[in-house]
>>> print(open('work16.cif').read())   # mmCIF, C-alpha atoms
data_model
#
loop_
_atom_site.label_atom_id
_atom_site.label_comp_id
_atom_site.auth_asym_id
_atom_site.auth_seq_id
_atom_site.Cartn_x
_atom_site.Cartn_y
_atom_site.Cartn_z
CA MET A 128 76.07 115.85 72.62
CA LYS A 129 75.83 112.21 73.65
CA ASN A 130 76.94 111.07 70.19
CA MET A 131 79.92 113.40 70.35
CA LEU A 132 80.97 111.92 73.71
CA ASN A 133 80.66 108.38 72.35
CA LYS A 134 82.80 109.28 69.34
CA LYS A 135 85.33 110.94 71.63
CA ASN A 136 85.52 107.84 73.86
CA ILE A 137 85.94 105.58 70.86
CA LEU A 138 88.72 107.82 69.52
CA ILE A 139 90.51 107.76 72.90
CA LEU A 140 90.18 103.97 73.05
CA VAL A 141 91.62 103.60 69.53
CA ILE A 142 94.53 105.91 70.41
CA ILE A 143 95.27 103.87 73.56
CA ILE A 144 95.23 100.61 71.60
CA VAL A 145 97.54 102.05 68.94
CA VAL A 146 99.96 103.36 71.60
CA VAL A 147 100.00 99.97 73.36
CA ILE A 148 100.70 98.19 70.06
CA VAL A 149 103.50 100.61 69.16
CA ILE A 150 105.11 100.27 72.59
CA SER A 151 104.85 96.46 72.39
CA LEU A 152 106.46 96.44 68.95
CA VAL A 153 109.28 98.70 70.10
CA ILE A 154 109.96 96.47 73.11
CA TYR A 155 109.83 93.36 70.91
CA PHE A 156 112.28 94.65 68.30
CA PHE A 157 114.68 96.05 70.89
CA THR A 158 114.71 92.82 72.89
CA LYS A 159 114.55 90.43 69.94
CA GLY A 160 118.29 90.43 69.43
CA GLU A 161 119.19 90.14 73.11
CA ASN A 162 121.02 87.03 74.17
CA LYS A 163 119.32 84.75 76.65
CA TYR A 164 122.00 82.93 78.60
CA PRO A 165 121.40 80.20 81.23
CA ASP A 166 120.41 81.44 84.69
CA GLN A 167 122.43 78.56 86.17
CA PRO A 168 125.36 76.58 84.73
CA ILE A 169 124.28 73.71 82.48
CA GLU A 170 124.94 70.21 83.78
CA GLN A 171 127.24 68.53 81.27
CA LYS A 172 126.21 64.86 81.22
CA SER A 173 127.46 63.93 77.78
CA LEU A 174 131.14 64.38 78.71
CA ILE A 175 133.26 63.16 81.58
CA SER A 176 136.58 64.63 82.69
CA SER A 177 139.96 63.18 81.82
CA ASP A 178 143.44 63.79 83.21
CA LEU A 179 145.00 63.02 79.82
CA ASN A 180 146.60 66.08 78.28
CA ILE A 181 146.07 67.16 74.70
CA GLY A 182 147.78 69.91 72.72
CA VAL A 183 145.51 72.18 70.70
CA ASN A 184 146.83 72.83 67.20
CA LYS A 185 145.23 74.01 63.93
CA PHE A 186 142.12 75.11 65.78
CA VAL A 187 139.45 76.75 63.60
CA GLU A 188 137.15 79.20 65.35
CA PRO A 189 133.44 78.47 64.67
CA LYS A 190 131.59 80.97 62.49
CA ASP A 191 129.42 82.03 65.46
CA SER A 192 130.43 82.74 69.05
CA LYS A 193 127.31 81.16 70.61
CA TYR A 194 124.94 78.32 69.83
CA PHE A 195 121.55 77.27 71.11
CA LEU A 196 120.92 74.74 73.85
CA TRP A 197 118.77 71.75 72.80
CA THR A 198 116.89 69.38 75.07
CA VAL A 199 116.87 65.61 74.58
CA SER A 200 113.31 64.30 74.40
CA ASN A 201 112.70 61.07 76.30
CA SER A 202 109.78 60.04 74.10
CA VAL A 203 110.03 56.79 72.14
CA LYS A 204 108.45 55.81 68.83
CA LEU A 205 107.19 52.31 69.58
CA ASN A 206 103.84 52.86 67.82
CA SER A 207 105.58 54.06 64.67
CA VAL A 208 108.02 51.15 64.77
CA GLN A 209 105.13 48.68 65.12
CA LYS A 210 103.43 50.25 62.08
CA MET A 211 106.70 50.00 60.15
CA VAL A 212 107.00 46.31 61.05
CA GLN A 213 103.49 45.60 59.79
CA SER A 214 104.02 47.60 56.60
CA LEU A 215 107.13 45.61 55.72
CA SER A 216 105.54 42.18 56.23
CA SER A 217 102.59 40.66 58.07
CA ASN A 218 104.82 37.64 58.77
CA PHE A 219 107.01 39.45 61.30
CA GLU A 220 106.52 38.07 64.80
CA LEU A 221 107.54 39.59 68.12
CA VAL A 222 109.92 36.89 69.37
CA ASP A 223 111.48 38.64 72.32
CA SER A 224 110.87 41.83 74.30
CA GLU A 225 111.20 43.55 77.64
CA GLU A 226 108.74 46.38 78.12
CA GLY A 227 110.44 49.75 78.03
CA VAL A 228 113.79 48.17 77.12
CA TYR A 229 113.74 46.42 73.71
CA TYR A 230 111.47 44.75 71.14
CA ASN A 231 112.66 42.15 68.65
CA TRP A 232 110.67 40.98 65.60
CA LYS A 233 111.74 38.22 63.20
CA ASN A 234 110.58 36.79 59.91
CA GLY A 235 112.95 34.08 58.76
CA THR A 236 116.33 35.77 58.32
CA ASP A 237 114.76 39.23 58.46
CA GLU A 238 114.90 41.02 61.78
CA ILE A 239 113.88 44.31 63.39
CA LEU A 240 115.21 45.36 66.78
CA TYR A 241 114.06 48.47 68.61
CA ASP A 242 116.25 49.41 71.59
CA THR A 243 114.16 51.91 73.53
CA LEU A 244 116.88 52.60 76.10
CA LYS A 245 119.20 53.98 73.42
CA ASN A 246 116.29 54.77 71.07
CA TYR A 247 117.90 53.02 68.11
CA LEU A 248 116.17 50.95 65.44
CA LEU A 249 118.11 48.24 63.62
CA PHE A 250 116.51 46.37 60.73
CA ASN A 251 117.35 43.82 58.08
CA HIS A 252 114.80 43.31 55.27
CA SER A 253 115.99 41.00 52.47
CA GLU A 254 113.14 41.93 50.12
CA GLY A 255 114.20 45.55 50.38
CA ILE A 256 112.38 48.86 50.65
CA LEU A 257 112.05 50.59 47.29
CA MET A 258 113.13 54.25 47.40
CA ASP A 259 113.05 55.14 43.66
CA GLU A 260 116.66 56.30 43.85
CA ALA A 261 119.81 54.80 42.36
CA GLU A 262 121.83 55.80 45.43
CA ILE A 263 121.22 57.23 48.87
CA ASN A 264 121.72 60.92 49.60
CA ALA A 265 120.62 63.22 52.42
CA ASN A 266 117.19 63.63 50.84
CA VAL A 267 116.64 59.85 50.83
CA PHE A 268 117.37 59.68 54.57
CA SER A 269 114.85 62.47 55.15
CA LYS A 270 112.23 60.74 52.99
CA PHE A 271 112.81 57.44 54.76
CA VAL A 272 112.21 58.78 58.28
CA LYS A 273 109.30 60.92 57.07
CA ARG A 274 107.66 57.86 55.53
CA PHE A 275 107.93 55.63 58.57
CA PHE A 276 108.08 58.04 61.50
CA ASP A 277 106.43 61.24 60.21
CA VAL A 278 109.32 63.49 61.20
CA ASP A 279 111.14 66.23 59.30
CA TRP A 280 114.82 65.64 59.91
CA LYS A 281 117.85 66.74 57.89
CA TYR A 282 121.00 64.71 57.33
CA ASN A 283 124.56 64.97 56.14
CA VAL A 284 125.65 61.88 54.20
CA PHE A 285 129.42 61.95 54.60
CA LYS A 286 130.68 58.51 53.65
CA ASN A 287 129.79 55.30 51.81
CA GLU A 288 131.46 51.93 51.45
CA LYS A 289 130.82 48.57 49.83
CA GLY A 290 129.36 45.79 51.96
CA SER A 291 130.24 42.11 51.76
CA ASN A 292 127.14 41.20 49.73
CA GLY A 293 127.36 43.85 47.04
CA GLU A 294 125.36 46.47 48.90
CA THR A 295 126.51 50.05 49.46
CA ILE A 296 126.35 51.38 53.02
CA TYR A 297 125.71 55.11 53.43
CA TYR A 298 126.66 56.82 56.68
CA ALA A 299 124.86 59.97 57.83
CA LYS A 300 124.75 62.43 60.69
CA ARG A 301 121.54 64.14 61.76
CA ILE A 302 121.72 67.92 61.31
CA LEU A 303 120.23 70.49 63.66
CA GLU A 304 118.71 73.80 62.66
CA GLU A 305 122.08 75.55 62.84
CA ASP A 306 123.38 73.07 60.23
CA ILE A 307 125.63 71.50 62.84
CA ASN A 308 126.15 67.73 62.84
CA ILE A 309 125.14 65.49 65.71
CA GLU A 310 127.76 62.83 66.44
CA VAL A 311 127.70 59.65 68.53
CA ARG A 312 130.31 57.08 69.53
CA GLU A 313 129.90 54.82 66.52
CA HIS A 314 132.85 53.65 64.42
CA ASN A 315 132.30 56.52 61.96
CA GLN A 316 130.59 58.82 64.48
CA GLN A 317 127.40 58.54 62.42
CA THR A 318 123.93 58.79 63.90
CA ASP A 319 122.41 56.65 61.14
CA TYR A 320 123.23 54.39 58.23
CA LEU A 321 121.28 52.74 55.41
CA ALA A 322 122.41 50.01 53.03
CA MET A 323 121.13 49.90 49.44
CA LYS A 324 121.23 47.17 46.83
CA ASP A 325 119.49 47.24 43.43
CA GLY A 326 117.67 50.46 44.34
CA LYS A 327 116.26 49.07 47.60
CA VAL A 328 117.16 49.68 51.25
CA ILE A 329 117.94 46.27 52.74
CA TYR A 330 119.20 47.14 56.23
CA GLY A 331 120.05 50.08 58.43
CA LYS A 332 120.30 51.68 61.82
CA LEU A 333 118.36 54.80 62.76
CA LEU A 334 118.53 57.12 65.74
CA LEU A 335 114.93 57.96 66.69
CA THR A 336 115.59 60.45 69.48
CA GLU A 337 114.03 63.88 69.03
CA PHE A 338 115.82 67.09 70.00
CA GLU A 339 113.98 70.28 70.89
CA LYS A 340 115.49 73.73 70.52
CA THR A 341 115.34 76.11 73.48
CA ASP A 342 115.67 79.89 73.40
CA ILE A 343 118.81 79.71 75.56
CA GLN A 344 122.13 80.49 73.91
CA LEU A 345 125.48 79.17 75.06
CA PRO A 346 128.58 81.36 74.62
CA LEU A 347 131.53 79.38 73.30
CA ILE A 348 134.95 79.23 74.84
CA THR A 349 137.59 80.95 72.70
CA SER A 350 140.64 79.14 71.37
CA ALA A 351 142.86 81.02 73.83
CA GLN A 352 140.62 79.98 76.73
CA LEU A 353 140.47 76.40 75.46
CA ILE A 354 144.27 76.15 75.43
CA GLN A 355 144.27 77.55 78.97
CA TYR A 356 141.62 75.21 80.41
CA ILE A 357 141.64 72.01 78.36
CA ASN A 358 144.25 70.16 80.41
CA ALA A 359 142.76 70.94 83.80
CA ASP A 360 141.79 67.65 85.46
CA GLU A 361 138.16 68.68 85.89
CA TYR A 362 137.70 70.06 82.38
CA PRO A 363 135.02 68.12 80.43
CA LYS A 364 136.75 66.07 77.73
CA GLU A 365 136.99 62.51 76.46
CA ILE A 366 139.70 61.04 74.22
CA TYR A 367 139.10 57.87 72.19
CA PRO A 368 141.98 56.15 70.34
CA GLN A 369 141.03 54.71 66.94
CA LEU A 370 142.25 51.13 67.17
CA ASN A 371 141.66 50.26 63.52
CA ALA A 372 144.87 52.10 62.70
CA LEU A 373 146.84 49.49 64.65
CA ARG A 374 145.45 46.41 62.86
CA ASP A 375 148.54 45.96 60.69
CA SER A 376 151.03 46.61 63.48
CA LEU A 377 150.33 46.34 67.19
CA LEU A 378 147.06 44.37 66.99
CA LYS A 379 148.89 41.61 65.12
CA GLU A 380 150.93 41.01 68.26
CA ILE A 381 148.24 41.09 70.95
CA ASP A 382 144.71 39.78 71.30
CA TYR A 383 142.11 42.46 70.58
CA LEU A 384 140.11 41.37 73.65
CA SER A 385 143.02 40.70 76.00
CA GLU A 386 144.08 42.58 79.11
CA ASP A 387 147.28 43.49 77.26
CA LEU A 388 145.29 45.82 75.05
CA GLU A 389 143.92 47.62 78.11
CA LYS A 390 147.47 48.04 79.37
CA VAL A 391 148.51 49.47 76.01
CA LEU A 392 145.65 51.97 76.04
CA ASP A 393 146.69 53.04 79.55
CA THR A 394 149.96 54.27 78.00
CA LEU A 395 148.15 56.75 75.75
CA LYS A 396 150.02 60.07 75.86
CA ASN A 397 151.47 62.98 73.85
CA CYS A 398 148.18 63.74 72.10
CA GLU A 399 148.24 66.65 69.66
CA SER A 400 145.17 67.81 67.77
CA THR A 401 145.39 68.10 63.99
CA SER A 402 141.99 69.64 63.20
CA SER A 403 138.85 70.88 64.91
CA ASP A 404 135.12 71.05 64.31
CA LEU A 405 132.04 72.11 66.25
CA ILE A 406 129.37 69.43 66.71
CA TYR A 407 126.56 68.43 69.06
CA TYR A 408 127.46 65.25 70.96
CA TYR A 409 124.81 62.65 71.82
CA LYS A 410 125.20 59.66 74.12
CA SER A 411 121.82 58.74 75.59
CA PHE A 412 118.53 59.95 77.04
CA ASP A 413 120.29 60.51 80.37
CA GLN A 414 122.24 63.54 79.24
CA GLU A 415 119.08 65.72 79.17
CA TYR A 416 120.71 68.42 77.02
CA LEU A 417 122.41 68.53 73.65
CA THR A 418 125.26 71.01 73.87
CA PRO A 419 127.93 72.27 71.46
CA VAL A 420 131.17 70.30 71.72
CA TYR A 421 134.53 70.69 70.03
CA LYS A 422 135.61 67.58 68.14
CA LEU A 423 139.39 67.43 67.85
CA ASP A 424 141.09 64.95 65.55
CA ALA A 425 144.40 64.07 67.15
CA LEU A 426 147.51 61.94 66.98
CA CYS A 427 148.65 60.21 70.17
CA GLU A 428 151.28 57.70 71.21
CA VAL A 429 150.97 54.27 72.86
CA SER A 430 153.72 51.93 74.02
CA TYR A 431 154.16 48.15 73.95
CA ASN A 432 157.32 46.09 74.57
CA ASN A 433 159.45 49.22 74.55
CA GLU A 434 158.09 50.21 71.14
CA THR A 435 156.15 53.45 70.54
CA TYR A 436 153.24 53.53 68.12
CA SER A 437 151.43 56.53 66.68
CA ILE A 438 147.65 56.25 66.78
CA PRO A 439 144.86 58.59 65.65
CA ALA A 440 142.31 59.60 68.25
CA ILE A 441 139.17 61.68 68.58
CA ALA A 442 138.71 64.08 71.47
CA TYR A 443 135.32 65.47 72.42
CA VAL A 444 135.88 68.63 74.45
CA ASN A 445 133.49 71.04 76.13
CA ALA A 446 132.93 74.08 73.90
CA ILE A 447 130.88 76.17 76.34
CA ASP A 448 132.26 79.10 78.31
CA PRO A 449 133.21 77.45 81.67
CA GLN A 450 131.01 79.79 83.70
CA TYR A 451 127.93 78.27 82.02
CA VAL A 452 128.71 74.57 82.43
CA TYR A 453 129.67 72.01 85.08
CA ILE A 454 130.16 68.25 85.39
CA PRO A 455 127.99 66.44 88.00
CA GLU A 456 129.95 64.67 90.73
#
>>> encode(input="work16.cif", output="structure tokens")
Amino acid sequence: MKNMLNKKNILILVIIIVVVIVISLVIYFFTKGENKYPDQPIEQKSLISSDLNIGVNKFVEPKDSKYFLWTVSNSVKLNSVQKMVQSLSSNFELVDSEEGVYYNWKNGTDEILYDTLKNYLLFNHSEGILMDEAEINANVFSKFVKRFFDVDWKYNVFKNEKGSNGETIYYAKRILEEDINIEVREHNQQTDYLAMKDGKVIYGKLLLTEFEKTDIQLPLITSAQLIQYINADEYPKEIYPQLNALRDSLLKEIDYLSEDLEKVLDTLKNCESTSSDLIYYYKSFDQEYLTPVYKLDALCEVSYNNETYSIPAIAYVNAIDPQYVYIPE
């Protein structure tokens, strides 16, 4: 009788465990696909607001209607940089530094600078770093950062050009899990570049900031909503004219560093977008979050001495549904 009761209790216990597991699995699969939106609007620190109007043309809707929120890690990689310095040459010496700000090593004409405020590493190594590749592609960038910093990052190599000493410079953008590019305010909007000569990397610039994916999704603003909101004074957007286009015209007449140029840029108007893309926009540690942003290529007008000049520009515009984002005052 006692054995029968024990068996009965064990059977009941097994049934309870099975029921709990089944219920848990049902809850998991039913809630797995649910969207988790922010409880409070996200503070948009990577964009400011501008009162400059821009027309939205040839806008391409992203393939998804929402993208994940990423956090910007404030950790630095000083230990890894120090190991890299030693691995390249024991003759490098720390010639200048300010703790928590920057560190500068030199060895003759070779130099390594680590800016911990922006978390960028710049290096020049005349002997070169052998990569066993005839040219640099996305995989070489990944191997390079894995070798020196033990990270698994993906890249999009989108452009290359010849340098003044026979090297080829390759420009890349870090890619997030969604296969979306990260962009920064560099001259080609790249996050990184490496220069190769004779199969060796001889200089480069690397963004060492880490980004961590959250489980929060951000609904995107639709094209119709964007057209409605984009020119509101408080709407998060920044517009940057590309001055290189004026080198053969306007910049021949005025000093690049003069106040006249500032006055010319103040006349920027009649901006019309010509294409669109969805990116993640990075400025610095201070922004806390990495959020989806619409990048609009545009054409604008500037004026000087009663002459009007057409100039390309890039606009970075908030891509998040306005109810989930705000700009700090």
>>> closest_residue(input="work16.cif", among="A:Ile181, A:Met323, A:Leu392, A:Leu345", to="Ile441 in chain A", atoms="all atoms listed in the file")
A:Ile181
>>> residues_around(input="work16.cif", residues="Gly235 in chain A", least_positions_apart="2", cutoff="9 Å", atoms="all atoms listed in the file", output="list in words")
Asn218, Phe219, Lys233, Asp237 and Glu238 of chain A
>>> resolve_selection(input="work16.cif", expression="the PyMOL selection byres ((chain A and resi 367) around 8)", output="ChimeraX atom specification")
/A:365-366,368-369,440-442
>>> write_last_selection(input="work16.cif", atoms="C-alpha atoms", output="mmCIF file, in the frame of the given file")
data_model
loop_
_atom_site.group_PDB
_atom_site.id
_atom_site.type_symbol
_atom_site.label_atom_id
_atom_site.label_comp_id
_atom_site.auth_asym_id
_atom_site.auth_seq_id
_atom_site.Cartn_x
_atom_site.Cartn_y
_atom_site.Cartn_z
ATOM 1 C CA GLU A 365 136.990 62.510 76.460
ATOM 2 C CA ILE A 366 139.700 61.040 74.220
ATOM 3 C CA PRO A 368 141.980 56.150 70.340
ATOM 4 C CA GLN A 369 141.030 54.710 66.940
ATOM 5 C CA ALA A 440 142.310 59.600 68.250
ATOM 6 C CA ILE A 441 139.170 61.680 68.580
ATOM 7 C CA ALA A 442 138.710 64.080 71.470
#
>>> resolve_selection(input="work16.cif", expression="the PyMOL selection byres ((chain A and resi 415-427) around 6)", output="PDB file with C-alpha atoms, keeping the file's coordinate frame")
ATOM      1  CA  LEU A 196     120.920  74.740  73.850  1.00  0.00           C
ATOM      2  CA  TRP A 197     118.770  71.750  72.800  1.00  0.00           C
ATOM      3  CA  THR A 198     116.890  69.380  75.070  1.00  0.00           C
ATOM      4  CA  VAL A 199     116.870  65.610  74.580  1.00  0.00           C
ATOM      5  CA  LYS A 396     150.020  60.070  75.860  1.00  0.00           C
ATOM      6  CA  ASN A 397     151.470  62.980  73.850  1.00  0.00           C
ATOM      7  CA  CYS A 398     148.180  63.740  72.100  1.00  0.00           C
ATOM      8  CA  GLU A 399     148.240  66.650  69.660  1.00  0.00           C
ATOM      9  CA  SER A 400     145.170  67.810  67.770  1.00  0.00           C
ATOM     10  CA  THR A 401     145.390  68.100  63.990  1.00  0.00           C
ATOM     11  CA  SER A 402     141.990  69.640  63.200  1.00  0.00           C
ATOM     12  CA  SER A 403     138.850  70.880  64.910  1.00  0.00           C
ATOM     13  CA  ASP A 404     135.120  71.050  64.310  1.00  0.00           C
ATOM     14  CA  LEU A 405     132.040  72.110  66.250  1.00  0.00           C
ATOM     15  CA  ILE A 406     129.370  69.430  66.710  1.00  0.00           C
ATOM     16  CA  TYR A 407     126.560  68.430  69.060  1.00  0.00           C
ATOM     17  CA  ASP A 413     120.290  60.510  80.370  1.00  0.00           C
ATOM     18  CA  GLN A 414     122.240  63.540  79.240  1.00  0.00           C
ATOM     19  CA  GLU A 428     151.280  57.700  71.210  1.00  0.00           C
ATOM     20  CA  SER A 437     151.430  56.530  66.680  1.00  0.00           C
ATOM     21  CA  ILE A 438     147.650  56.250  66.780  1.00  0.00           C
ATOM     22  CA  PRO A 439     144.860  58.590  65.650  1.00  0.00           C
ATOM     23  CA  ALA A 440     142.310  59.600  68.250  1.00  0.00           C
ATOM     24  CA  ILE A 441     139.170  61.680  68.580  1.00  0.00           C
ATOM     25  CA  ALA A 442     138.710  64.080  71.470  1.00  0.00           C
ATOM     26  CA  TYR A 443     135.320  65.470  72.420  1.00  0.00           C
ATOM     27  CA  VAL A 444     135.880  68.630  74.450  1.00  0.00           C
ATOM     28  CA  ASN A 445     133.490  71.040  76.130  1.00  0.00           C
ATOM     29  CA  ALA A 446     132.930  74.080  73.900  1.00  0.00           C
TER      30      ALA A 446
END
>>> resolve_selection(input="work16.cif", expression="the PyMOL selection byres ((chain A and resi 200-216) around 7)", output="list in words")
Thr198, Val199, Ser217, Asn218, Phe219, Thr243, Asn246, Phe275, Phe276, Thr336, Glu337, Phe338, Glu339 and Phe412 of chain A
>>> atom_distance(input="work16.cif", atom1="CA of Ile447 in chain A", atom2="CA of Arg312 in chain A")
20.3 Å
>>> closest_residue(input="work16.cif", among="A:Glu294, A:Leu353, A:Ala372, A:Arg301", to="Asn266 in chain A", atoms="all atoms listed in the file")
A:Arg301
>>> residues_around(input="work16.cif", residues="Val284 in chain A", least_positions_apart="2", cutoff="6 Å", atoms="all atoms listed in the file", output="list in words")
Ala265, Tyr298 and Ala299 of chain A
>>> atom_distance(input="work16.cif", atom1="CA of Gly290 in chain A", atom2="CA of Ala261 in chain A")
16.3 Å
>>> closest_residue(input="work16.cif", among="A:Ile454, A:Ala359, A:Ile348, A:Ile381", to="Glu188 in chain A", atoms="all atoms listed in the file")
A:Ile348
>>> decode(input="work16.cif", residues="range 187-266 of chain A", atoms="C-alpha atoms", output="CSV table (one decimal), in the first residue's frame")
chain,number,residue,atom,x,y,z
A,187,VAL,CA,12.7,54.4,-50.1
A,188,GLU,CA,10.9,52.7,-47.2
A,189,PRO,CA,13.1,50.4,-45.2
A,190,LYS,CA,12.5,46.7,-45.5
A,191,ASP,CA,11.3,46.5,-41.8
A,192,SER,CA,9.0,48.9,-39.9
A,193,LYS,CA,11.0,48.7,-36.6
A,194,TYR,CA,14.6,48.2,-35.6
A,195,PHE,CA,16.3,47.5,-32.3
A,196,LEU,CA,17.7,50.0,-29.9
A,197,TRP,CA,21.4,49.6,-29.1
A,198,THR,CA,23.3,51.0,-26.2
A,199,VAL,CA,26.7,52.7,-26.5
A,200,SER,CA,29.2,51.1,-24.2
A,201,ASN,CA,31.5,53.5,-22.3
A,202,SER,CA,34.3,51.0,-21.9
A,203,VAL,CA,37.7,51.7,-23.5
A,204,LYS,CA,40.3,49.3,-24.8
A,205,LEU,CA,43.5,50.8,-23.4
A,206,ASN,CA,44.9,47.4,-22.3
A,207,SER,CA,44.4,46.0,-25.8
A,208,VAL,CA,45.9,49.1,-27.4
A,209,GLN,CA,49.0,48.8,-25.2
A,210,LYS,CA,49.4,45.1,-26.2
A,211,MET,CA,49.1,46.1,-29.8
A,212,VAL,CA,51.8,48.8,-29.4
A,213,GLN,CA,54.2,46.3,-27.9
A,214,SER,CA,53.5,43.7,-30.5
A,215,LEU,CA,54.3,46.1,-33.3
A,216,SER,CA,57.6,47.2,-31.8
A,217,SER,CA,59.4,47.3,-28.5
A,218,ASN,CA,60.8,50.6,-29.5
A,219,PHE,CA,57.6,52.5,-29.2
A,220,GLU,CA,57.6,55.0,-26.3
A,221,LEU,CA,54.7,56.8,-24.6
A,222,VAL,CA,55.7,60.4,-25.3
A,223,ASP,CA,52.5,62.2,-24.3
A,224,SER,CA,49.3,61.3,-22.4
A,225,GLU,CA,46.5,62.5,-20.3
A,226,GLU,CA,44.9,59.8,-18.2
A,227,GLY,CA,41.4,59.1,-19.5
A,228,VAL,CA,41.8,61.4,-22.4
A,229,TYR,CA,44.6,60.3,-24.9
A,230,TYR,CA,47.8,58.3,-25.1
A,231,ASN,CA,50.5,58.9,-27.8
A,232,TRP,CA,53.3,56.5,-28.6
A,233,LYS,CA,56.1,57.2,-31.0
A,234,ASN,CA,59.0,55.3,-32.6
A,235,GLY,CA,60.8,57.5,-35.1
A,236,THR,CA,58.3,58.5,-37.7
A,237,ASP,CA,55.9,55.8,-36.6
A,238,GLU,CA,53.1,56.9,-34.3
A,239,ILE,CA,50.1,55.5,-32.4
A,240,LEU,CA,47.4,57.7,-30.9
A,241,TYR,CA,44.6,56.5,-28.8
A,242,ASP,CA,41.8,59.1,-28.2
A,243,THR,CA,39.8,57.6,-25.3
A,244,LEU,CA,37.2,60.4,-25.3
A,245,LYS,CA,36.2,59.6,-28.9
A,246,ASN,CA,37.5,56.0,-28.6
A,247,TYR,CA,39.4,56.1,-31.8
A,248,LEU,CA,42.8,54.6,-32.5
A,249,LEU,CA,45.0,56.1,-35.2
A,250,PHE,CA,48.3,54.4,-36.2
A,251,ASN,CA,51.1,54.7,-38.7
A,252,HIS,CA,53.5,51.8,-38.9
A,253,SER,CA,56.1,52.1,-41.8
A,254,GLU,CA,57.2,48.5,-41.5
A,255,GLY,CA,53.6,47.4,-42.1
A,256,ILE,CA,51.4,44.7,-40.6
A,257,LEU,CA,51.3,41.6,-42.8
A,258,MET,CA,47.7,40.4,-43.5
A,259,ASP,CA,48.3,37.7,-46.2
A,260,GLU,CA,45.9,39.4,-48.5
A,261,ALA,CA,46.6,41.3,-51.8
A,262,GLU,CA,43.8,43.8,-51.0
A,263,ILE,CA,41.6,44.7,-48.1
A,264,ASN,CA,38.0,43.5,-47.9
A,265,ALA,CA,35.4,43.3,-45.1
A,266,ASN,CA,36.9,40.0,-43.9
